[in-house]
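Visitor: Take a look at data-v2.cif, mmCIF, C-alpha atoms:
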```cif
data_final
#
loop_
_atom_site.label_atom_id
_atom_site.label_comp_id
_atom_site.auth_asym_id
_atom_site.auth_seq_id
_atom_site.Cartn_x
_atom_site.Cartn_y
_atom_site.Cartn_z
CA MET C 148 0.00 0.00 0.00
CA THR C 149 1.19 3.52 -0.81
CA ASP C 150 2.24 5.64 2.16
CA ILE C 151 -0.72 7.64 3.44
CA LYS C 152 -0.47 11.00 5.16
CA THR C 153 -3.45 12.06 7.27
CA GLY C 154 -4.59 15.51 8.25
CA THR C 155 -7.57 17.46 9.53
CA ALA C 156 -9.35 20.39 7.96
CA GLU C 157 -11.22 22.87 10.12
CA VAL C 158 -14.39 23.97 8.34
CA PRO C 159 -17.41 25.89 9.65
CA GLY C 160 -19.16 23.58 12.10
CA ALA C 161 -16.95 20.52 11.58
CA THR C 162 -13.49 18.97 11.54
CA LEU C 163 -12.75 16.77 8.53
CA HIS C 164 -10.35 13.83 8.37
CA TYR C 165 -8.47 13.62 5.07
CA GLU C 166 -5.75 11.47 3.54
CA THR C 167 -3.16 12.08 0.84
CA ARG C 168 -0.89 9.70 -1.05
CA GLY C 169 1.34 9.91 -4.09
CA ASP C 170 2.74 12.90 -5.94
CA GLY C 171 1.72 15.07 -8.87
CA PRO C 172 -1.40 17.13 -9.58
CA VAL C 173 -4.11 16.80 -6.96
CA LEU C 174 -6.95 14.38 -7.61
CA LEU C 175 -9.67 14.79 -4.99
CA LEU C 176 -12.02 11.83 -4.44
CA ILE C 177 -15.44 12.64 -2.97
CA PRO C 178 -17.27 9.57 -1.64
CA GLY C 179 -20.99 9.07 -1.96
CA GLY C 180 -23.67 7.43 0.13
CA SER C 181 -22.41 6.57 3.59
CA GLY C 182 -18.85 6.05 2.36
CA ASP C 183 -15.66 7.69 3.56
CA ALA C 184 -12.07 7.98 2.38
CA GLY C 185 -11.48 4.28 2.93
CA ILE C 186 -13.79 3.13 0.14
CA PHE C 187 -11.24 4.52 -2.32
CA ASP C 188 -8.17 2.80 -0.84
CA VAL C 189 -7.46 0.43 -3.74
CA LEU C 190 -8.32 2.98 -6.41
CA ALA C 191 -6.25 5.70 -4.70
CA ASP C 192 -3.21 3.45 -4.33
CA ASP C 193 -3.33 2.65 -8.03
CA LEU C 194 -3.52 6.30 -9.11
CA ALA C 195 -0.90 7.57 -6.65
CA ASP C 196 1.92 6.99 -9.14
CA GLN C 197 0.62 9.88 -11.24
CA TYR C 198 -1.43 12.05 -8.87
CA THR C 199 -1.50 13.35 -5.34
CA VAL C 200 -4.67 11.49 -4.47
CA VAL C 201 -6.72 13.08 -1.71
CA SER C 202 -9.73 11.48 -0.06
CA TYR C 203 -11.72 12.42 3.02
CA ASP C 204 -14.55 11.53 5.38
CA PRO C 205 -17.54 13.87 4.86
CA ARG C 206 -18.77 15.79 7.88
CA CYS C 207 -20.68 13.66 10.41
CA PHE C 208 -19.16 10.45 8.97
CA SER C 209 -16.49 8.14 10.37
CA ARG C 210 -13.38 10.01 11.53
CA SER C 211 -14.77 13.47 10.78
CA SER C 212 -16.85 15.27 13.34
CA ALA C 213 -19.46 18.00 13.53
CA ASP C 214 -20.20 20.57 16.19
CA SER C 215 -23.93 19.81 16.18
CA ALA C 216 -26.43 17.11 15.24
CA PRO C 217 -26.36 16.09 11.55
CA THR C 218 -29.83 17.46 10.78
CA GLY C 219 -30.34 19.09 7.38
CA GLN C 220 -27.17 18.26 5.46
CA GLN C 221 -26.77 20.60 2.48
CA VAL C 222 -25.02 20.09 -0.84
CA GLU C 223 -23.61 23.62 -0.75
CA VAL C 224 -21.97 22.97 2.65
CA HIS C 225 -20.46 19.66 1.57
CA SER C 226 -19.15 21.28 -1.61
CA ALA C 227 -17.55 24.07 0.42
CA ASP C 228 -15.94 21.40 2.60
CA ALA C 229 -14.36 19.87 -0.50
CA ARG C 230 -13.11 23.28 -1.61
CA ARG C 231 -11.51 23.87 1.79
CA ILE C 232 -9.58 20.60 1.55
CA LEU C 233 -8.42 21.54 -1.96
CA ASP C 234 -7.23 24.90 -0.66
CA LEU C 235 -5.13 23.08 1.94
CA VAL C 236 -3.49 20.51 -0.31
CA ALA C 237 -3.34 21.94 -3.84
CA ARG C 238 -0.32 23.75 -5.25
CA PRO C 239 -1.15 27.00 -7.04
CA ASP C 240 0.85 26.12 -10.15
CA GLU C 241 -0.76 22.75 -10.85
CA PRO C 242 -4.21 21.74 -12.12
CA ILE C 243 -6.78 20.14 -9.81
CA PHE C 244 -8.93 17.16 -10.73
CA VAL C 245 -12.01 15.91 -8.88
CA LEU C 246 -13.86 12.60 -8.98
CA GLY C 247 -17.18 12.39 -7.15
CA THR C 248 -19.33 9.28 -6.92
CA SER C 249 -23.09 9.15 -6.26
CA SER C 250 -24.04 11.90 -3.77
CA GLY C 251 -20.36 12.91 -3.82
CA ALA C 252 -20.79 13.59 -7.53
CA ILE C 253 -23.55 16.07 -6.68
CA ALA C 254 -21.16 17.92 -4.37
CA ALA C 255 -18.58 17.86 -7.17
CA LEU C 256 -21.06 19.39 -9.62
CA GLU C 257 -21.81 22.19 -7.17
CA LEU C 258 -18.07 22.76 -6.74
CA LEU C 259 -17.62 23.10 -10.49
CA ALA C 260 -20.70 25.25 -11.03
CA HIS C 261 -20.30 27.88 -8.35
CA PHE C 262 -16.77 28.22 -7.02
CA PRO C 263 -14.18 30.60 -8.45
CA ASN C 264 -11.05 28.97 -9.87
CA PRO C 265 -12.85 25.71 -10.67
CA PRO C 266 -11.04 22.38 -10.99
CA GLU C 267 -9.40 21.58 -14.30
CA LEU C 268 -11.76 18.63 -14.65
CA VAL C 269 -14.62 17.14 -12.63
CA VAL C 270 -15.67 13.54 -13.26
CA ALA C 271 -19.17 13.05 -11.82
CA HIS C 272 -20.06 9.36 -11.59
CA GLU C 273 -23.81 8.71 -11.46
CA PRO C 274 -24.98 11.77 -9.50
CA PRO C 275 -28.52 10.86 -8.31
CA SER C 276 -29.91 14.24 -9.44
CA VAL C 277 -33.39 12.88 -10.12
CA GLU C 278 -35.04 16.31 -9.86
CA LEU C 279 -33.75 16.98 -13.39
CA LEU C 280 -35.75 14.10 -14.86
CA PRO C 281 -39.22 14.54 -16.40
CA ASP C 282 -40.66 12.04 -13.89
CA ALA C 283 -39.01 13.73 -10.92
CA ALA C 284 -42.11 13.65 -8.71
CA GLU C 285 -42.17 9.85 -8.82
CA HIS C 286 -38.52 9.59 -7.80
CA ARG C 287 -38.89 12.24 -5.10
CA ALA C 288 -41.64 10.15 -3.57
CA PHE C 289 -39.50 7.02 -3.87
CA PHE C 290 -36.53 8.45 -1.96
CA ARG C 291 -38.91 9.85 0.65
CA GLU C 292 -40.29 6.31 1.02
CA VAL C 293 -36.76 4.96 1.56
CA ARG C 294 -36.17 7.50 4.34
CA GLU C 295 -39.52 6.81 5.97
CA THR C 296 -38.88 3.06 5.81
CA TYR C 297 -35.60 3.59 7.65
CA LEU C 298 -37.29 5.67 10.36
CA ARG C 299 -40.00 3.05 10.79
CA ASP C 300 -38.26 -0.28 10.15
CA GLY C 301 -34.50 0.27 10.18
CA VAL C 302 -31.53 0.22 7.83
CA ALA C 303 -31.96 -3.24 6.28
CA ALA C 304 -35.56 -2.60 5.30
CA ALA C 305 -34.73 0.80 3.84
CA MET C 306 -31.85 -0.57 1.78
CA ALA C 307 -34.09 -3.32 0.42
CA VAL C 308 -36.57 -0.68 -0.75
CA MET C 309 -33.76 1.35 -2.31
CA ALA C 310 -32.25 -1.64 -4.11
CA ALA C 311 -35.62 -2.67 -5.52
CA GLY C 312 -36.37 0.84 -6.77
CA THR C 313 -33.01 1.61 -8.37
CA SER C 314 -31.92 -1.68 -9.94
CA GLY C 315 -34.43 -1.77 -12.78
CA GLY C 316 -35.18 -5.38 -11.90
CA ASP C 317 -32.61 -6.90 -14.26
CA ALA C 318 -29.28 -5.75 -12.89
CA PRO C 319 -26.38 -8.21 -12.97
CA GLU C 320 -25.17 -9.65 -9.68
CA PRO C 321 -22.79 -7.11 -8.11
CA ALA C 322 -19.18 -8.09 -7.58
CA GLU C 323 -18.43 -9.20 -4.05
CA ILE C 324 -16.92 -6.36 -2.01
CA PRO C 325 -14.45 -7.50 0.69
CA ARG C 326 -15.37 -6.73 4.28
CA THR C 327 -12.95 -4.05 5.53
CA GLU C 328 -12.79 -1.44 8.27
CA ALA C 329 -14.01 1.08 5.70
CA MET C 330 -17.05 -1.08 4.95
CA ASP C 331 -17.77 -1.37 8.69
CA ARG C 332 -17.61 2.42 9.01
CA MET C 333 -19.88 2.74 5.98
CA VAL C 334 -22.47 0.54 7.68
CA ALA C 335 -22.19 2.60 10.87
CA ASN C 336 -22.73 5.81 8.85
CA MET C 337 -25.85 4.49 7.15
CA PRO C 338 -28.42 5.88 9.63
CA ILE C 339 -27.09 9.42 9.13
CA PHE C 340 -27.10 8.98 5.36
CA LEU C 341 -30.65 7.64 5.22
CA GLU C 342 -32.15 10.23 7.54
CA HIS C 343 -30.14 13.38 6.81
CA VAL C 344 -28.42 13.07 3.40
CA LEU C 345 -30.46 10.94 0.99
CA THR C 346 -33.49 13.15 0.35
CA GLN C 347 -31.51 16.38 0.70
CA PHE C 348 -29.03 15.41 -2.01
CA THR C 349 -31.45 13.69 -4.39
CA GLY C 350 -33.70 16.74 -4.06
CA TYR C 351 -30.94 19.14 -5.08
CA VAL C 352 -31.11 20.64 -8.59
CA PRO C 353 -27.72 21.21 -10.24
CA ASP C 354 -27.29 24.53 -12.04
CA LEU C 355 -27.25 23.39 -15.66
CA ASP C 356 -26.59 26.88 -16.99
CA ALA C 357 -23.47 27.22 -14.86
CA LEU C 358 -22.33 23.72 -15.78
CA ARG C 359 -22.91 24.47 -19.45
CA SER C 360 -20.58 27.45 -19.18
CA ARG C 361 -17.87 25.13 -17.81
CA SER C 362 -18.74 22.03 -19.81
CA ASP C 363 -15.17 21.70 -21.07
CA ARG C 364 -14.24 20.94 -17.45
CA LEU C 365 -16.87 18.25 -16.92
CA VAL C 366 -17.25 14.58 -17.73
CA LEU C 367 -20.35 12.71 -16.63
CA ALA C 368 -19.82 9.03 -15.96
CA ALA C 369 -22.01 5.97 -15.55
CA GLY C 370 -21.43 2.29 -14.92
CA ARG C 371 -21.62 -0.22 -17.73
CA ASP C 372 -23.82 -2.39 -15.53
CA SER C 373 -26.18 0.51 -14.79
CA ALA C 374 -27.80 0.48 -18.21
CA GLY C 375 -31.55 0.93 -17.86
CA GLN C 376 -31.34 1.85 -14.18
CA LEU C 377 -32.59 4.99 -12.46
CA LEU C 378 -29.24 6.23 -11.16
CA ARG C 379 -27.68 6.28 -14.64
CA ARG C 380 -30.32 8.59 -16.11
CA PRO C 381 -29.26 11.89 -14.44
CA ALA C 382 -25.68 11.53 -15.74
CA GLU C 383 -26.98 11.07 -19.27
CA HIS C 384 -29.42 13.99 -18.84
CA ILE C 385 -26.73 16.39 -17.57
CA ALA C 386 -24.33 15.45 -20.37
CA GLN C 387 -27.04 15.95 -23.00
CA HIS C 388 -28.17 19.31 -21.62
CA THR C 389 -24.75 20.86 -20.96
CA GLY C 390 -22.59 19.53 -23.79
CA ALA C 391 -20.22 17.94 -21.28
CA GLY C 392 -18.41 14.71 -22.00
CA PHE C 393 -19.73 11.29 -21.07
CA ALA C 394 -17.73 8.18 -20.18
CA GLU C 395 -18.78 4.64 -19.36
CA PHE C 396 -17.06 3.01 -16.40
CA PRO C 397 -16.79 -0.61 -15.28
CA GLY C 398 -19.29 -1.97 -12.79
CA GLY C 399 -22.48 -0.35 -11.65
CA HIS C 400 -23.39 2.47 -9.31
CA VAL C 401 -20.69 1.42 -6.84
CA GLY C 402 -18.13 0.44 -9.46
CA ALA C 403 -15.35 2.25 -7.58
CA THR C 404 -15.60 -0.38 -4.83
CA GLU C 405 -16.85 -3.31 -6.93
CA ARG C 406 -14.04 -3.12 -9.51
CA PRO C 407 -11.55 -0.59 -8.15
CA LEU C 408 -8.59 -1.39 -10.41
CA GLU C 409 -10.68 -1.35 -13.60
CA PHE C 410 -12.37 1.81 -12.37
CA ALA C 411 -8.98 3.42 -11.66
CA ALA C 412 -7.79 2.54 -15.16
CA THR C 413 -10.80 4.34 -16.62
CA VAL C 414 -10.26 7.37 -14.39
CA ARG C 415 -6.66 7.48 -15.59
CA ARG C 416 -7.74 7.26 -19.23
CA VAL C 417 -10.34 10.05 -18.87
CA LEU C 418 -7.87 12.36 -17.13
CA ASP C 419 -5.07 11.55 -19.58
CA GLU C 420 -7.34 12.30 -22.55
CA HIS C 421 -8.38 15.62 -21.05
CA ARG C 422 -4.78 16.62 -20.29
CA ALA C 423 -3.63 15.59 -23.76
CA GLY C 424 -6.42 17.62 -25.34
CA ASN C 425 -5.47 20.69 -23.35
CA SER C 426 -1.81 20.34 -24.29
CA ARG C 427 -2.76 20.64 -27.96
CA THR C 428 -4.71 23.88 -27.49
#
```
Using the file provided, produce a representation of the structure as structure tokens.

Guide:
Amino acid sequence: MTDIKTGTAEVPGATLHYETRGDGPVLLLIPGGSGDAGIFDVLADDLADQYTVVSYDPRCFSRSSADSAPTGQQVEVHSADARRILDLVARPDEPIFVLGTSSGAIAALELLAHFPNPPELVVAHEPPSVELLPDAAEHRAFFREVRETYLRDGVAAAMAVMAAGTSGGDAPEPAEIPRTEAMDRMVANMPIFLEHVLTQFTGYVPDLDALRSRSDRLVLAAGRDSAGQLLRRPAEHIAQHTGAGFAEFPGGHVGATERPLEFAATVRRVLDEHRAGNSRT
């Protein structure tokens, strides 16, 4: 495993745990769902030969803390947290790259849309931005049902409802994900995610006009195994309505943990293609 350096970032209302490894331009990884920095361990190790790979635990999760209860998590706050970490680790003379997955991809889109000095490239993998879809009301009700199921019946019941509603009914069997400390932390974070993050993030509407103005800095991504599933549709919609790039990745919605080395290879290819294109202009 590549040597990992840990640090903490003081942000309004929270203290964030972050990790860095490798050398080169900064590549910030923003986890989604109830994940933390640890879900990217294999992927980050693989990319550390070319990038300074930075990952972190979102506020209220795992080794990060918050000064108050986790009620009412906001995309704008999580995006500002990511920006603060970038300000701490990035060198002013080098480009910054960002990969966000799932709800982390929504934070990455907000970062690209509204912050000055945006990243050189944001790769947003399956952001669950269902409010952009023509049948948004149906999906809003679905995610509300997942949250209410958690509050009434617990995590397992809520995740069963979520899996049934997002798989499309014909998804391939997911790759087995090894049980690790990061997976244990992810399970422990699940109540906060289901009650305080899920509906807030899926209810957020990305600024398509702002993203269109920076579309040369954006690639939407979706898993090969996500074809026909709900969580692929927003990525396709955003790409179509902003002119941003689109890339297909191995695995499904959680391809970064299902197939981390294949996923890392695709991240590397997407970033290399972008950098090569910029070098010619």

Visitor: Listing only residues of range 209-272 of chain C within 10 Å of range 396-406 of chain C, what is the closest atom pair and its distance in Å (to one decimal) for each, using only C-alpha atoms, sorted by chain and residue number ascending, as CSV?

Guide:
```
residue,atom,partner,partner_atom,distance
C:Thr248,CA,C:Val401,CA,8.0
C:Ser249,CA,C:His400,CA,7.3
C:His272,CA,C:His400,CA,8.0
```

Visitor: Could you spell out the hits of the PyMOL selection byres ((chain C and resi 246) around 7) on the shown file, as a list in words?

Guide: Leu175, Leu176, Ile177, Phe244, Val245, Gly247, Thr248, Val269, Val270 and Ala271 of chain C

Visitor: Put those residues in a file: C-alpha atoms, as a PDB file, in the frame of the given file.

Guide:
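Output file selection.pdb follows:
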```pdb
ATOM      1  CA  LEU C 175      -9.670  14.790  -4.990  1.00  0.00           C
ATOM      2  CA  LEU C 176     -12.020  11.830  -4.440  1.00  0.00           C
ATOM      3  CA  ILE C 177     -15.440  12.640  -2.970  1.00  0.00           C
ATOM      4  CA  PHE C 244      -8.930  17.160 -10.730  1.00  0.00           C
ATOM      5  CA  VAL C 245     -12.010  15.910  -8.880  1.00  0.00           C
ATOM      6  CA  GLY C 247     -17.180  12.390  -7.150  1.00  0.00           C
ATOM      7  CA  THR C 248     -19.330   9.280  -6.920  1.00  0.00           C
ATOM      8  CA  VAL C 269     -14.620  17.140 -12.630  1.00  0.00           C
ATOM      9  CA  VAL C 270     -15.670  13.540 -13.260  1.00  0.00           C
ATOM     10  CA  ALA C 271     -19.170  13.050 -11.820  1.00  0.00           C
TER      11      ALA C 271
END
```

Visitor: Would you translate the PyMOL selection byres ((chain C and resi 154-160) around 7) into the concrete set of residues it matches in this file, as a ChimeraX atom specification?

Guide: /C:152-153,161-166,213-214,228,232

Visitor: Using all atoms listed in the file for the distances, tell me which of C:Ala412, C:Ala254, C:Leu174, C:Leu194 is nearest to Asp354 in chain C.

Guide: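 Of the candidates, the smallest distance to Asp354 in chain C is held by C:Ala254.
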
Visitor: Evaluated on this file, the PyMOL selection byres ((chain C and resi 335) around 12) picks out some residues - which ones are they, written as a list in words?

Guide: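 Those residues are Gly180, Ser181, Gly182, Asp183, Cys207, Phe208, Ser209, Arg210, Val302, Glu328, Ala329, Met330, Asp331, Arg332, Met333, Val334, Asn336, Met337, Pro338, Ile339, Phe340 and Leu341 of chain C.
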
Visitor: Hey, which of C:Ala255, C:Ala310, C:Val200, C:Ala386 ends up closest to Arg415 in chain C? Count only C-alpha atoms.

Guide: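 Using only C-alpha atoms, the shortest distance to Arg415 in chain C belongs to C:Val200.
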
Visitor: Between CA of Ala191 in chain C and CA of Phe410 in chain C, what is the spacing in Å?

Guide: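 Computing the Euclidean distance for CA of Phe410 in chain C and CA of Ala191 in chain C yields 10.6 Å.
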
Visitor: Would you compute the distance between CA of Asp282 in chain C and CA of Gly301 in chain C? Give it in Å to one decimal.

Guide: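 Result for CA of Asp282 in chain C versus CA of Gly301 in chain C: 27.5 Å, one decimal.
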
Visitor: What does the distance from CA of Pro353 in chain C to CA of His384 in chain C come to in Å, to one decimal?

Guide: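 Taking CA of Pro353 in chain C as the start and CA of His384 in chain C as the end point, the length is 11.4 Å.
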
Visitor: Can you list, as a list in words, every protein, DNA or RNA residue that comes within 12 Å of Thr313 in chain C when you count all atoms listed in the file, leaving out same-chain residues fewer than 4 positions away?

Guide: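 That gives Pro275, Val277, His286, Phe289, Phe290, Val293, Met306, Ala307, Val308, Met309, Asp317, Ala318, Ser373, Ala374, Gly375, Gln376, Leu377, Leu378, Arg379, Arg380, Gly399 and His400 of chain C.
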
Visitor: Can you write just those residues out, C-alpha atoms, as a compact mmCIF listing (two decimals), in the coordinates of the input?

Guide:
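In the end it all went to out_15.txt:
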```
# COMPACT_ATOMS: atom_id res chain seq x y z
CA PRO C 275 -28.52 10.86 -8.31
CA VAL C 277 -33.39 12.88 -10.12
CA HIS C 286 -38.52 9.59 -7.80
CA PHE C 289 -39.50 7.02 -3.87
CA PHE C 290 -36.53 8.45 -1.96
CA VAL C 293 -36.76 4.96 1.56
CA MET C 306 -31.85 -0.57 1.78
CA ALA C 307 -34.09 -3.32 0.42
CA VAL C 308 -36.57 -0.68 -0.75
CA MET C 309 -33.76 1.35 -2.31
CA ASP C 317 -32.61 -6.90 -14.26
CA ALA C 318 -29.28 -5.75 -12.89
CA SER C 373 -26.18 0.51 -14.79
CA ALA C 374 -27.80 0.48 -18.21
CA GLY C 375 -31.55 0.93 -17.86
CA GLN C 376 -31.34 1.85 -14.18
CA LEU C 377 -32.59 4.99 -12.46
CA LEU C 378 -29.24 6.23 -11.16
CA ARG C 379 -27.68 6.28 -14.64
CA ARG C 380 -30.32 8.59 -16.11
CA GLY C 399 -22.48 -0.35 -11.65
CA HIS C 400 -23.39 2.47 -9.31
```

Visitor: When you count all atoms listed in the file, which of these residues is closest to Ser226 in chain C: C:Ala260, C:Ile186, C:Ala284, C:Ile243?

Guide: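 So, comparing all the options, the nearest one is C:Ala260.
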
Visitor: Write out, as a Markdown table, each residue of range 185-224 of chain C that has an atom at most 8 Å from range 343-352 of chain C, together with the closest pair of atoms and their distance in Å to one decimal, counting only C-alpha atoms, rows going by chain and rising number.

Guide:
```
| residue | atom | partner | partner_atom | distance |
| --- | --- | --- | --- | --- |
| C:Pro217 | CA | C:His343 | CA | 6.6 |
| C:Thr218 | CA | C:His343 | CA | 5.7 |
| C:Gly219 | CA | C:His343 | CA | 5.7 |
| C:Gln220 | CA | C:Val344 | CA | 5.7 |
| C:Gln221 | CA | C:Gln347 | CA | 6.6 |
| C:Val222 | CA | C:Phe348 | CA | 6.3 |
```

Visitor: Using only C-alpha atoms for the distances, tell me which of C:Glu383, C:Phe187, C:Gly312, C:His261 is nearest to Thr327 in chain C.

Guide: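 Using only C-alpha atoms, the shortest distance to Thr327 in chain C belongs to C:Phe187.
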
Visitor: List as a JSON list (two decimals) with C-alpha atoms, keeping the file's coordinate frame the protein and nucleic acid residues near Gly392 in chain C, meaning an atom at most 12 Å away when only C-alpha atoms are counted, but skip any in the same chain fewer than 4 places from it.

Guide:
```json
[["chain", "number", "residue", "atom", "x", "y", "z"],
["C", 268, "LEU", "CA", -11.76, 18.63, -14.65],
["C", 269, "VAL", "CA", -14.62, 17.14, -12.63],
["C", 270, "VAL", "CA", -15.67, 13.54, -13.26],
["C", 271, "ALA", "CA", -19.17, 13.05, -11.82],
["C", 272, "HIS", "CA", -20.06, 9.36, -11.59],
["C", 358, "LEU", "CA", -22.33, 23.72, -15.78],
["C", 359, "ARG", "CA", -22.91, 24.47, -19.45],
["C", 361, "ARG", "CA", -17.87, 25.13, -17.81],
["C", 362, "SER", "CA", -18.74, 22.03, -19.81],
["C", 363, "ASP", "CA", -15.17, 21.70, -21.07],
["C", 364, "ARG", "CA", -14.24, 20.94, -17.45],
["C", 365, "LEU", "CA", -16.87, 18.25, -16.92],
["C", 366, "VAL", "CA", -17.25, 14.58, -17.73],
["C", 367, "LEU", "CA", -20.35, 12.71, -16.63],
["C", 368, "ALA", "CA", -19.82, 9.03, -15.96],
["C", 369, "ALA", "CA", -22.01, 5.97, -15.55],
["C", 382, "ALA", "CA", -25.68, 11.53, -15.74],
["C", 383, "GLU", "CA", -26.98, 11.07, -19.27],
["C", 384, "HIS", "CA", -29.42, 13.99, -18.84],
["C", 385, "ILE", "CA", -26.73, 16.39, -17.57],
["C", 386, "ALA", "CA", -24.33, 15.45, -20.37],
["C", 387, "GLN", "CA", -27.04, 15.95, -23.00],
["C", 388, "HIS", "CA", -28.17, 19.31, -21.62],
["C", 417, "VAL", "CA", -10.34, 10.05, -18.87],
["C", 418, "LEU", "CA", -7.87, 12.36, -17.13],
["C", 420, "GLU", "CA", -7.34, 12.30, -22.55],
["C", 421, "HIS", "CA", -8.38, 15.62, -21.05]]
```

Visitor: Can you fill out range 196-203 of chain C with all heavy atoms and hand it back as a CSV table (one decimal), in the frame of the given file?

Guide:
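Resulting contents of selection_4.csv:
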```csv
chain,number,residue,atom,x,y,z
C,196,ASP,N,0.7,6.9,-8.4
C,196,ASP,CA,1.9,7.0,-9.1
C,196,ASP,C,1.9,8.2,-10.0
C,196,ASP,O,3.0,8.7,-10.5
C,196,ASP,CB,2.2,5.7,-10.0
C,196,ASP,CG,1.1,5.6,-11.1
C,196,ASP,OD1,0.0,5.9,-10.9
C,196,ASP,OD2,1.5,5.1,-12.2
C,197,GLN,N,0.7,8.8,-10.3
C,197,GLN,CA,0.6,9.9,-11.2
C,197,GLN,C,0.0,11.1,-10.6
C,197,GLN,O,0.2,12.2,-11.1
C,197,GLN,CB,-0.2,9.4,-12.4
C,197,GLN,CG,-0.2,10.4,-13.6
C,197,GLN,CD,-1.0,9.8,-14.8
C,197,GLN,OE1,-1.5,8.6,-14.8
C,197,GLN,NE2,-1.1,10.5,-15.9
C,198,TYR,N,-0.7,11.0,-9.5
C,198,TYR,CA,-1.4,12.0,-8.9
C,198,TYR,C,-1.2,12.1,-7.4
C,198,TYR,O,-0.9,11.0,-6.8
C,198,TYR,CB,-2.9,11.9,-9.1
C,198,TYR,CG,-3.3,12.0,-10.6
C,198,TYR,CD1,-3.4,10.9,-11.4
C,198,TYR,CD2,-3.5,13.3,-11.2
C,198,TYR,CE1,-3.7,11.0,-12.7
C,198,TYR,CE2,-3.8,13.4,-12.5
C,198,TYR,CZ,-3.9,12.2,-13.3
C,198,TYR,OH,-4.2,12.3,-14.6
C,199,THR,N,-1.3,13.3,-6.8
C,199,THR,CA,-1.5,13.4,-5.3
C,199,THR,C,-3.0,13.1,-5.1
C,199,THR,O,-3.8,14.0,-5.3
C,199,THR,CB,-1.1,14.7,-4.8
C,199,THR,OG1,0.3,15.0,-5.1
C,199,THR,CG2,-1.3,14.8,-3.3
C,200,VAL,N,-3.3,11.9,-4.6
C,200,VAL,CA,-4.7,11.5,-4.5
C,200,VAL,C,-5.1,11.9,-3.1
C,200,VAL,O,-4.5,11.5,-2.1
C,200,VAL,CB,-4.8,10.0,-4.7
C,200,VAL,CG1,-6.3,9.6,-4.7
C,200,VAL,CG2,-4.3,9.6,-6.1
C,201,VAL,N,-6.2,12.6,-3.0
C,201,VAL,CA,-6.7,13.1,-1.7
C,201,VAL,C,-8.1,12.5,-1.5
C,201,VAL,O,-9.0,12.6,-2.4
C,201,VAL,CB,-6.7,14.6,-1.7
C,201,VAL,CG1,-7.2,15.1,-0.3
C,201,VAL,CG2,-5.4,15.2,-2.0
C,202,SER,N,-8.4,12.0,-0.4
C,202,SER,CA,-9.7,11.5,-0.1
C,202,SER,C,-10.1,11.9,1.4
C,202,SER,O,-9.2,12.2,2.2
C,202,SER,CB,-9.8,10.0,-0.2
C,202,SER,OG,-8.8,9.3,0.5
C,203,TYR,N,-11.3,11.9,1.7
C,203,TYR,CA,-11.7,12.4,3.0
C,203,TYR,C,-13.0,11.8,3.5
C,203,TYR,O,-13.8,11.2,2.7
C,203,TYR,CB,-11.8,13.9,3.0
C,203,TYR,CG,-12.9,14.5,2.2
C,203,TYR,CD1,-14.1,15.0,2.8
C,203,TYR,CD2,-12.8,14.7,0.8
C,203,TYR,CE1,-15.1,15.6,2.1
C,203,TYR,CE2,-13.8,15.2,0.1
C,203,TYR,CZ,-15.0,15.7,0.7
C,203,TYR,OH,-16.0,16.2,0.0
```
